[in-house]
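Colleague: Below is the structure I would like to discuss, written out as structure tokens.
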Amino acid sequence: MIEDLGHHFVEVFDSFSEMRDRVDLEDIDCALDIDLTDGRTGPEAATWLRDHGVPALFVTGQEGLARDLQTRVSGILTKPIM
């Protein structure tokens, strides 16, 4: 869906630590889920990205939690996405 909209898909990272260690901040905008495999580290990852000048989105089915954390991201996309 991302590529169909004209964007380049870079990679999936399962955890914040993996993303932080492997991502090239010059090449991305980032969409995040709230619950990664290492727990609820999406908010921490979004804050880290924001602090490095990279906008982030929550892509989630947990609207209430996302709203509580919305100051960390540029936007929220709720699932399911059509």
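If you're wondering about the labels, chains in the structure tokens are A, B, ... by order shown, residues count from 1 in each chain, ligands from 1 in order shown.
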Please list as a ChimeraX atom specification every residue within 8 Å of range 52-68 of chain A, counting only C-alpha atoms and excluding residues in the same chain fewer than 6 positions away.

Modeller: /A:25,28-34,42,46,74-80

Colleague: Could you take the residues named above and write them with N, CA and C atoms, as a PDB file, in the first residue's frame?

Modeller:
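Saved the output as part-v1.pdb:
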ATOM      1  N   LEU A  25      18.937   7.493   9.172  1.00  0.00           N
ATOM      2  CA  LEU A  25      17.988   8.585   9.412  1.00  0.00           C
ATOM      3  C   LEU A  25      17.839   9.518   8.222  1.00  0.00           C
ATOM      4  N   ILE A  28      14.615   8.115   5.665  1.00  0.00           N
ATOM      5  CA  ILE A  28      13.284   7.643   6.052  1.00  0.00           C
ATOM      6  C   ILE A  28      12.344   8.733   6.547  1.00  0.00           C
ATOM      7  N   ASP A  29      11.080   8.458   6.355  1.00  0.00           N
ATOM      8  CA  ASP A  29       9.970   8.913   7.167  1.00  0.00           C
ATOM      9  C   ASP A  29       9.525   7.596   7.792  1.00  0.00           C
ATOM     10  N   CYS A  30       8.838   7.607   8.884  1.00  0.00           N
ATOM     11  CA  CYS A  30       8.628   6.327   9.549  1.00  0.00           C
ATOM     12  C   CYS A  30       7.200   6.176  10.043  1.00  0.00           C
ATOM     13  N   ALA A  31       6.627   5.025   9.821  1.00  0.00           N
ATOM     14  CA  ALA A  31       5.332   4.669  10.397  1.00  0.00           C
ATOM     15  C   ALA A  31       5.577   3.590  11.437  1.00  0.00           C
ATOM     16  N   LEU A  32       4.997   3.749  12.607  1.00  0.00           N
ATOM     17  CA  LEU A  32       5.238   2.823  13.709  1.00  0.00           C
ATOM     18  C   LEU A  32       3.958   2.272  14.280  1.00  0.00           C
ATOM     19  N   ASP A  33       4.040   1.066  14.747  1.00  0.00           N
ATOM     20  CA  ASP A  33       3.003   0.500  15.580  1.00  0.00           C
ATOM     21  C   ASP A  33       3.384   0.807  17.024  1.00  0.00           C
ATOM     22  N   ILE A  34       2.464   0.712  17.945  1.00  0.00           N
ATOM     23  CA  ILE A  34       2.778   1.008  19.342  1.00  0.00           C
ATOM     24  C   ILE A  34       3.446  -0.175  20.017  1.00  0.00           C
ATOM     25  N   GLY A  42       7.159   1.503  20.834  1.00  0.00           N
ATOM     26  CA  GLY A  42       6.829   2.422  19.746  1.00  0.00           C
ATOM     27  C   GLY A  42       6.860   3.881  20.170  1.00  0.00           C
ATOM     28  N   ALA A  46       9.273   6.609  18.555  1.00  0.00           N
ATOM     29  CA  ALA A  46       8.736   7.825  17.930  1.00  0.00           C
ATOM     30  C   ALA A  46       9.404   9.071  18.496  1.00  0.00           C
ATOM     31  N   SER A  74       3.656  12.688  14.437  1.00  0.00           N
ATOM     32  CA  SER A  74       3.065  13.666  13.509  1.00  0.00           C
ATOM     33  C   SER A  74       1.626  13.337  13.196  1.00  0.00           C
ATOM     34  N   GLY A  75       1.217  12.087  13.424  1.00  0.00           N
ATOM     35  CA  GLY A  75      -0.153  11.695  13.140  1.00  0.00           C
ATOM     36  C   GLY A  75      -0.439  10.279  13.561  1.00  0.00           C
ATOM     37  N   ILE A  76      -1.711   9.919  13.489  1.00  0.00           N
ATOM     38  CA  ILE A  76      -2.167   8.583  13.874  1.00  0.00           C
ATOM     39  C   ILE A  76      -3.016   8.037  12.739  1.00  0.00           C
ATOM     40  N   LEU A  77      -2.698   6.845  12.277  1.00  0.00           N
ATOM     41  CA  LEU A  77      -3.515   6.126  11.312  1.00  0.00           C
ATOM     42  C   LEU A  77      -4.127   4.943  12.044  1.00  0.00           C
ATOM     43  N   THR A  78      -5.456   4.838  12.018  1.00  0.00           N
ATOM     44  CA  THR A  78      -6.110   3.753  12.733  1.00  0.00           C
ATOM     45  C   THR A  78      -6.353   2.582  11.808  1.00  0.00           C
ATOM     46  N   LYS A  79      -6.193   1.396  12.370  1.00  0.00           N
ATOM     47  CA  LYS A  79      -6.435   0.152  11.638  1.00  0.00           C
ATOM     48  C   LYS A  79      -7.913  -0.178  11.724  1.00  0.00           C
ATOM     49  N   PRO A  80      -8.473  -0.845  10.783  1.00  0.00           N
ATOM     50  CA  PRO A  80      -7.827  -1.269   9.540  1.00  0.00           C
ATOM     51  C   PRO A  80      -7.676  -0.097   8.571  1.00  0.00           C
TER      52      PRO A  80
END

Colleague: Any chance you could list, as a PyMOL selection string, the residues in chain A that come up alpha helix (DSSP H) when DSSP is run on the backbone?

Modeller: chain A and resi 16-22+42-51+63-68

Colleague: DSSP on the backbone, then: every residue of range 20-79 of chain A marked strand (DSSP E), written as a list of chain:residue names.

Modeller: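 So, restricting range 20-79 of chain A to strand (DSSP E), we get A:Cys30, A:Ala31, A:Leu32, A:Ala56, A:Leu57, A:Phe58, A:Val59, A:Thr60, A:Gly75, A:Ile76, A:Leu77, A:Thr78.
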
Colleague: What does the structure give for the distance between CA of Asp35 in chain A and CA of Met82 in chain A, in Å to one decimal?

Modeller: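 If I compute the distance from CA of Asp35 in chain A to CA of Met82 in chain A, I get 20.9 Å.
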
Colleague: Between A:Arg50, A:Ile81, A:Glu18, A:Leu36, which has the minimum distance to Ile2 in chain A (counting only C-alpha atoms)?

Modeller: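 Smallest separation from Ile2 in chain A among the options: A:Ile81.
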
Colleague: CA of Arg40 in chain A and CA of Asp24 in chain A are how many Å apart?

Modeller: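 If I compute the distance from CA of Arg40 in chain A to CA of Asp24 in chain A, I get 22.3 Å.
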